[in-house]
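J.: The structure file entry.txt (compact mmCIF, C-alpha atoms) is provided below.
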# COMPACT_ATOMS: atom_id res chain seq x y z
CA MET R 663 -5.14 -82.99 -49.26
CA THR R 664 -8.40 -82.55 -47.47
CA LEU R 665 -8.12 -80.73 -44.18
CA PRO R 666 -10.51 -81.75 -41.43
CA GLY R 667 -13.69 -79.71 -41.37
CA THR R 668 -13.61 -78.96 -45.09
CA GLN R 669 -16.82 -79.29 -47.03
CA HIS R 670 -16.84 -79.79 -50.79
CA LEU R 671 -19.41 -79.42 -53.53
CA SER R 672 -18.81 -80.23 -57.19
CA ARG R 673 -21.09 -79.17 -60.01
CA PRO R 674 -20.99 -78.84 -63.79
CA ALA R 675 -19.42 -75.52 -64.75
CA GLU R 676 -22.56 -73.95 -66.16
CA LEU R 677 -24.61 -70.97 -65.07
CA ALA R 678 -27.45 -73.18 -63.82
CA SER R 679 -25.11 -74.38 -61.06
CA LEU R 680 -24.68 -70.89 -59.60
CA PRO R 681 -27.63 -70.95 -57.15
CA SER R 682 -26.68 -74.26 -55.54
CA LEU R 683 -22.99 -73.34 -55.33
CA LYS R 684 -23.81 -70.00 -53.70
CA ALA R 685 -26.29 -71.61 -51.30
CA PHE R 686 -23.58 -74.06 -50.23
CA VAL R 687 -21.15 -71.27 -49.35
CA ILE R 688 -23.76 -69.13 -47.60
CA ALA R 689 -24.81 -72.11 -45.48
CA ALA R 690 -21.18 -72.70 -44.51
CA ALA R 691 -20.77 -69.02 -43.64
CA GLU R 692 -23.92 -68.97 -41.52
CA GLU R 693 -22.87 -72.15 -39.77
CA ALA R 694 -19.50 -70.57 -39.05
CA GLY R 695 -21.20 -67.66 -37.32
CA PHE R 696 -20.82 -64.82 -39.82
CA THR R 697 -23.38 -62.00 -39.54
CA THR R 698 -26.02 -61.36 -42.19
CA ASP R 699 -24.04 -58.40 -43.55
CA GLN R 700 -20.89 -60.48 -43.74
CA CYS R 701 -22.74 -63.32 -45.47
CA GLN R 702 -23.92 -60.85 -48.13
CA ARG R 703 -20.35 -59.83 -48.81
CA ILE R 704 -19.26 -63.46 -48.93
CA GLU R 705 -22.06 -64.21 -51.36
CA LEU R 706 -21.03 -61.33 -53.61
CA ALA R 707 -17.34 -62.28 -53.76
CA VAL R 708 -18.07 -65.95 -54.37
CA ASP R 709 -20.77 -65.08 -56.92
CA GLU R 710 -18.37 -62.95 -58.96
CA LEU R 711 -15.51 -65.46 -58.91
CA LEU R 712 -17.77 -68.43 -59.64
CA THR R 713 -19.60 -66.69 -62.47
CA ASN R 714 -16.30 -66.12 -64.25
CA VAL R 715 -15.47 -69.83 -63.97
CA LEU R 716 -18.93 -70.95 -65.05
CA LEU R 717 -18.92 -68.70 -68.09
CA TYR R 718 -15.30 -68.79 -69.22
CA ALA R 719 -13.33 -71.77 -67.89
CA TYR R 720 -14.37 -74.23 -70.58
CA PRO R 721 -14.77 -72.36 -73.87
CA GLN R 722 -14.64 -75.54 -75.92
CA GLY R 723 -16.94 -77.75 -73.96
CA HIS R 724 -17.95 -78.96 -70.56
CA GLY R 725 -16.22 -79.39 -67.26
CA GLY R 726 -16.72 -79.22 -63.56
CA VAL R 727 -16.09 -76.82 -60.74
CA THR R 728 -15.51 -77.69 -57.10
CA ILE R 729 -16.06 -75.34 -54.23
CA SER R 730 -14.55 -76.08 -50.82
CA CYS R 731 -15.29 -74.31 -47.57
CA ARG R 732 -13.25 -74.51 -44.42
CA ALA R 733 -14.14 -72.56 -41.31
CA THR R 734 -11.72 -71.66 -38.56
CA PRO R 735 -12.81 -69.79 -35.44
CA ASP R 736 -12.13 -66.42 -37.04
CA ALA R 737 -12.40 -66.97 -40.75
CA LEU R 738 -13.85 -68.82 -43.70
CA ARG R 739 -11.64 -70.04 -46.52
CA VAL R 740 -13.37 -70.77 -49.80
CA THR R 741 -11.51 -72.48 -52.62
CA ILE R 742 -12.82 -72.61 -56.18
CA THR R 743 -11.16 -75.21 -58.39
CA ASP R 744 -11.69 -75.93 -62.08
CA GLN R 745 -9.82 -77.85 -64.77
CA GLY R 746 -10.43 -75.29 -67.45
CA ARG R 747 -8.07 -73.14 -69.48
CA PRO R 748 -5.38 -71.39 -67.43
CA PHE R 749 -6.85 -68.13 -66.28
CA ASN R 750 -5.82 -65.85 -63.44
CA PRO R 751 -8.71 -63.47 -62.78
CA LEU R 752 -6.55 -61.38 -60.46
CA THR R 753 -4.58 -60.00 -63.38
CA ALA R 754 -7.66 -58.38 -64.86
CA PRO R 755 -7.36 -54.57 -64.80
CA ASP R 756 -9.73 -52.57 -62.62
CA PRO R 757 -12.55 -50.81 -64.39
CA ASP R 758 -12.20 -47.06 -64.86
CA LEU R 759 -14.40 -45.72 -62.10
CA ASP R 760 -14.09 -42.15 -63.33
CA SER R 761 -15.32 -42.61 -66.87
CA ASP R 762 -18.72 -41.27 -67.77
CA LEU R 763 -21.69 -43.22 -69.07
CA GLU R 764 -20.59 -43.23 -72.68
CA GLN R 765 -17.02 -44.24 -71.94
CA ARG R 766 -17.70 -46.72 -69.18
CA GLN R 767 -16.94 -50.26 -70.29
CA LEU R 768 -19.21 -53.17 -69.55
CA GLY R 769 -16.53 -55.52 -68.21
CA GLY R 770 -14.00 -55.74 -65.42
CA LEU R 771 -16.34 -55.22 -62.53
CA GLY R 772 -16.68 -58.71 -61.06
CA ILE R 773 -13.15 -59.21 -59.78
CA PHE R 774 -13.02 -55.61 -58.63
CA LEU R 775 -16.07 -56.14 -56.43
CA ALA R 776 -14.76 -59.48 -55.14
CA ARG R 777 -11.50 -57.81 -54.13
CA ARG R 778 -13.36 -55.06 -52.32
CA VAL R 779 -15.42 -57.36 -50.12
CA ALA R 780 -13.00 -60.24 -49.47
CA ASN R 781 -10.08 -60.16 -47.06
CA LEU R 782 -7.70 -62.21 -49.13
CA LEU R 783 -7.79 -63.39 -52.70
CA SER R 784 -5.13 -65.63 -54.22
CA TYR R 785 -4.70 -67.71 -57.33
CA ARG R 786 -2.43 -70.53 -58.34
CA ARG R 787 -2.30 -72.84 -61.30
CA SER R 788 -1.47 -76.51 -60.77
CA GLU R 789 -0.65 -78.77 -63.70
CA THR R 790 -4.32 -79.28 -64.45
CA SER R 791 -6.29 -76.79 -62.42
CA ASN R 792 -7.03 -73.19 -61.64
CA ILE R 793 -7.21 -72.80 -57.86
CA LEU R 794 -8.73 -69.63 -56.52
CA THR R 795 -8.74 -69.05 -52.77
CA VAL R 796 -10.79 -66.38 -51.10
CA CYS R 797 -10.77 -65.75 -47.37
CA PHE R 798 -13.19 -63.88 -45.19
CA SER R 799 -12.41 -62.75 -41.68
CA LYS R 800 -15.04 -62.26 -39.02
CA GLU R 801 -13.12 -59.50 -37.38
CA SER R 802 -11.99 -56.82 -39.77
CA PRO R 803 -14.80 -54.69 -41.20
CA GLU R 804 -12.68 -53.46 -44.09
CA PRO R 805 -10.81 -55.59 -46.65
CA ALA R 806 -7.08 -56.01 -45.86
CA PRO R 807 -5.36 -57.24 -49.03
CA GLN R 808 -1.99 -57.66 -47.32
CA LYS R 809 -3.31 -59.91 -44.61
CA GLN R 810 -1.89 -63.44 -44.67
CA GLY R 811 -2.63 -66.69 -42.98
CA GLU R 812 -5.49 -68.63 -41.58
CA MET V 1051 -36.25 -62.63 -59.07
CA GLU V 1052 -39.51 -61.02 -60.21
CA VAL V 1053 -39.91 -58.20 -62.69
CA VAL V 1054 -43.23 -56.34 -62.84
CA THR V 1055 -43.87 -53.77 -65.56
CA SER V 1056 -46.44 -51.00 -65.40
CA LYS V 1057 -47.06 -48.11 -67.76
CA ALA V 1058 -48.68 -44.72 -67.25
CA ASP V 1059 -48.41 -41.37 -69.04
CA GLY V 1060 -45.61 -42.54 -71.31
CA LEU V 1061 -43.56 -43.68 -68.36
CA VAL V 1062 -42.67 -47.34 -67.77
CA THR V 1063 -41.99 -48.43 -64.20
CA ILE V 1064 -40.09 -51.69 -63.81
CA THR V 1065 -40.30 -53.07 -60.27
CA VAL V 1066 -37.66 -55.66 -59.43
CA THR V 1067 -37.99 -58.00 -56.47
CA GLY V 1068 -35.48 -60.51 -55.18
CA ARG V 1069 -31.90 -61.10 -56.30
CA MET V 1070 -30.15 -60.13 -59.51
CA ASP V 1071 -27.12 -62.18 -60.51
CA ALA V 1072 -25.77 -63.74 -63.71
CA VAL V 1073 -28.66 -66.21 -63.76
CA THR V 1074 -31.50 -63.72 -63.30
CA ALA V 1075 -30.13 -60.49 -64.84
CA PRO V 1076 -30.90 -61.58 -68.45
CA ALA V 1077 -34.64 -61.75 -67.72
CA PHE V 1078 -34.59 -58.20 -66.39
CA GLN V 1079 -32.56 -56.94 -69.34
CA GLN V 1080 -34.85 -58.69 -71.79
CA GLU V 1081 -37.97 -57.17 -70.25
CA VAL V 1082 -36.63 -53.63 -70.59
CA GLN V 1083 -35.32 -54.32 -74.09
CA SER V 1084 -38.76 -55.60 -75.13
CA CYS V 1085 -40.30 -52.37 -73.93
CA ILE V 1086 -37.72 -50.34 -75.85
CA GLU V 1087 -38.43 -52.37 -78.98
CA ALA V 1088 -42.12 -51.65 -78.48
CA GLY V 1089 -41.29 -47.93 -78.59
CA GLU V 1090 -41.02 -47.05 -74.90
CA ARG V 1091 -38.32 -44.50 -74.04
CA ARG V 1092 -38.83 -43.36 -70.43
CA PHE V 1093 -38.12 -45.81 -67.62
CA ILE V 1094 -38.11 -45.89 -63.87
CA ILE V 1095 -36.33 -48.95 -62.43
CA ASP V 1096 -37.62 -49.42 -58.88
CA LEU V 1097 -35.10 -51.43 -56.87
CA ALA V 1098 -36.62 -50.94 -53.42
CA ALA V 1099 -37.41 -54.67 -53.19
CA LEU V 1100 -34.11 -55.81 -54.69
CA GLU V 1101 -32.12 -57.60 -52.00
CA TYR V 1102 -28.93 -58.32 -53.88
CA ILE V 1103 -27.12 -57.38 -57.07
CA SER V 1104 -23.88 -58.63 -58.60
CA SER V 1105 -21.81 -57.19 -61.44
CA ALA V 1106 -24.06 -59.04 -63.91
CA GLY V 1107 -26.93 -56.83 -62.76
CA LEU V 1108 -24.80 -53.71 -62.93
CA ARG V 1109 -23.78 -54.60 -66.46
CA SER V 1110 -27.44 -54.90 -67.45
CA MET V 1111 -28.18 -51.48 -65.97
CA LEU V 1112 -25.25 -49.94 -67.84
CA PHE V 1113 -26.18 -51.67 -71.10
CA LEU V 1114 -29.75 -50.38 -70.89
CA ALA V 1115 -28.70 -46.86 -69.90
CA LYS V 1116 -26.35 -46.66 -72.87
CA LYS V 1117 -29.00 -48.09 -75.19
CA LEU V 1118 -31.60 -45.59 -74.06
CA LYS V 1119 -29.21 -42.68 -74.32
CA GLY V 1120 -28.53 -43.78 -77.86
CA CYS V 1121 -32.20 -43.53 -78.81
CA GLU V 1122 -32.93 -40.34 -76.88
CA GLY V 1123 -34.57 -42.21 -74.06
CA CYS V 1124 -33.93 -41.97 -70.34
CA MET V 1125 -33.73 -44.23 -67.35
CA ALA V 1126 -33.84 -43.47 -63.64
CA LEU V 1127 -33.20 -45.88 -60.80
CA CYS V 1128 -34.72 -45.57 -57.35
CA GLY V 1129 -35.04 -47.37 -54.04
CA LEU V 1130 -31.39 -48.32 -53.70
CA ALA V 1131 -30.53 -49.37 -50.15
CA GLY V 1132 -28.19 -51.53 -48.11
CA MET V 1133 -25.83 -53.78 -49.97
CA VAL V 1134 -27.39 -52.91 -53.34
CA LYS V 1135 -26.62 -49.23 -52.82
CA GLU V 1136 -23.13 -50.10 -51.63
CA VAL V 1137 -22.41 -52.09 -54.79
CA PHE V 1138 -23.56 -49.19 -56.98
CA ASP V 1139 -21.43 -46.78 -54.94
CA ILE V 1140 -18.16 -48.73 -54.95
CA SER V 1141 -18.44 -49.50 -58.64
CA GLY V 1142 -18.84 -45.81 -59.47
CA PHE V 1143 -22.26 -46.39 -60.98
CA SER V 1144 -23.94 -43.99 -58.57
CA THR V 1145 -22.31 -41.09 -60.39
CA ILE V 1146 -23.05 -42.12 -63.96
CA LEU V 1147 -26.64 -43.31 -63.60
CA ALA V 1148 -29.63 -41.17 -62.57
CA ILE V 1149 -30.56 -42.35 -59.08
CA TYR V 1150 -33.38 -41.06 -56.87
CA PRO V 1151 -34.69 -42.05 -53.45
CA ASP V 1152 -38.11 -43.19 -54.61
CA VAL V 1153 -40.46 -43.60 -57.57
CA ALA V 1154 -42.14 -40.22 -57.02
CA GLU V 1155 -38.86 -38.31 -57.12
CA ALA V 1156 -37.67 -40.30 -60.13
CA GLY V 1157 -40.91 -39.50 -61.96
CA ARG V 1158 -40.54 -35.78 -61.30
CA ASN V 1159 -37.08 -35.77 -62.82
CA LEU V 1160 -37.62 -37.82 -65.95
Kindly return the structure encoded in the file as structure tokens.
T.:
Amino acid sequence: MTLPGTQHLSRPAELASLPSLKAFVIAAAEEAGFTTDQCQRIELAVDELLTNVLLYAYPQGHGGVTISCRATPDALRVTITDQGRPFNPLTAPDPDLDSDLEQRQLGGLGIFLARRVANLLSYRRSETSNILTVCFSKESPEPAPQKQGE
Amino acid sequence: MEVVTSKADGLVTITVTGRMDAVTAPAFQQEVQSCIEAGERRFIIDLAALEYISSAGLRSMLFLAKKLKGCEGCMALCGLAGMVKEVFDISGFSTILAIYPDVAEAGRNL
């Protein structure tokens, strides 16, 4: 179901699509009245979530990714949908922030950063698709993971 | 993203301009790796003109720092500000990488 005021962009799920997908979301955020600082945070969260999809959703071949943006007076909801292998990025463990240089692992950072700068992050799997929803509020300066709603 | 490399007195300064994400980080990583393969061991990574970095960029920094440590080299970052600094801070990278305010200070400590 497409809600009024929702914009969509579909691209092949490959790294080369990242700039245009990010530009689409940033334009929607600017249009919705988010500040420059907020747009940077939005870009970071969307970048991290999208990069995971572009790199890992279709290990055997090609597929697409669709990004949808819907602005309400106080928030921006971004939905990232792909038809790739079932994968819930929110179950990934946090990186160990206390390990030293030798012990620090290379992975795990993307979702951690996305969680830190977004207000709400949720995932569901439909029969065919991974659906990742990330919401950004204009009001709260700090992420509020428990916050629900529009 | 632009990467400019300069060398003086056995010290390589890599100046990065623009935005580092999964698309552009490989070019940065490759440039530093090429210098390491050519025998260089002391690096300053000047990020004063870097506007944005994602985890892909952080991973490159960590990869290079580990690689240099493994061959008795060293790497210092400088010029972190704004959102770039914030990303390094919240990821815990500010405590495991050598970070200085500017190129001069980084050079004195390498």
J.: Compare R:Ala694, R:Leu775, R:Ala678, R:Val687 by their minimum atom-to-atom distance to Ser730 of chain R, counting all atoms listed in the file, and give me the closest one.
T.: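 Residue with the minimum atom-to-atom distance to Ser730 of chain R: R:Val687.
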J.: Give me, as a list of chain:residue names, the residues of chain V touching chain R, with the criterion being at most 9 Å (counting only C-alpha atoms).
T.: V:Asp1071, V:Ala1072, V:Val1073, V:Tyr1102, V:Ile1103, V:Ser1104, V:Ser1105, V:Ala1106, V:Leu1108, V:Arg1109, V:Ser1110, V:Leu1112, V:Phe1113, V:Ala1115, V:Lys1116, V:Lys1119, V:Met1133, V:Val1137, V:Ile1140, V:Ser1141, V:Gly1142, V:Phe1143, V:Thr1145, V:Ile1146, V:Leu1147
J.: Provide the atom CA of Val1053 of chain V to atom CA of Leu1097 of chain V distance in Å, to one decimal place.
T.: 10.1 Å
J.: Neighbourhood query: residues within 7 Å of (-35.6, -57.0, -63.3), file coordinates, counting all atoms listed in the file; return as a VMD selection string.
T.: chain V and resid 1052 to 1053 1064 to 1066 1075 1077 to 1079
J.: Suppose you want the space between atom CA of Arg732 of chain R and atom CA of Lys800 of chain R; what is it in Å?
T.: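 Straight-line distance from atom CA of Arg732 of chain R to atom CA of Lys800 of chain R works out to 13.5 Å.
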J.: Rank V:Gly1068, V:Gly1123, V:Gly1157, V:Pro1076 by their smallest atom-to-atom distance to Arg1091 of chain V, using all atoms listed in the file, and report the top residue only.
T.: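 Ranking V:Gly1068, V:Gly1123, V:Gly1157, V:Pro1076 by distance to Arg1091 of chain V, first place goes to V:Gly1123.
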J.: From the set R:Leu671, R:Val796, R:Leu716, R:Leu752, which residue has the shortest atom-to-atom contact distance to Leu738 of chain R, counting all atoms listed in the file?
T.: R:Val796
J.: Rounded to one decimal, what separation in Å do you get between atom CA of Val727 of chain R and atom CA of Pro674 of chain R?
T.: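 Value for the atom CA of Val727 of chain R-atom CA of Pro674 of chain R distance: 6.1 Å.
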J.: Give me the residues within 9 Å of Glu1101 of chain V as an NGL selection string, counting all atoms listed in the file and dropping any in the same chain fewer than 6 places off.
T.: :V and (1067-1070 or 1131-1134)
J.: With distances taken over only C-alpha atoms, which residue among R:Pro735, R:Gly695, R:Gly667, R:Pro748 lies nearest Pro721 of chain R?
T.: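 Of all the options, R:Pro748 lies closest to Pro721 of chain R.
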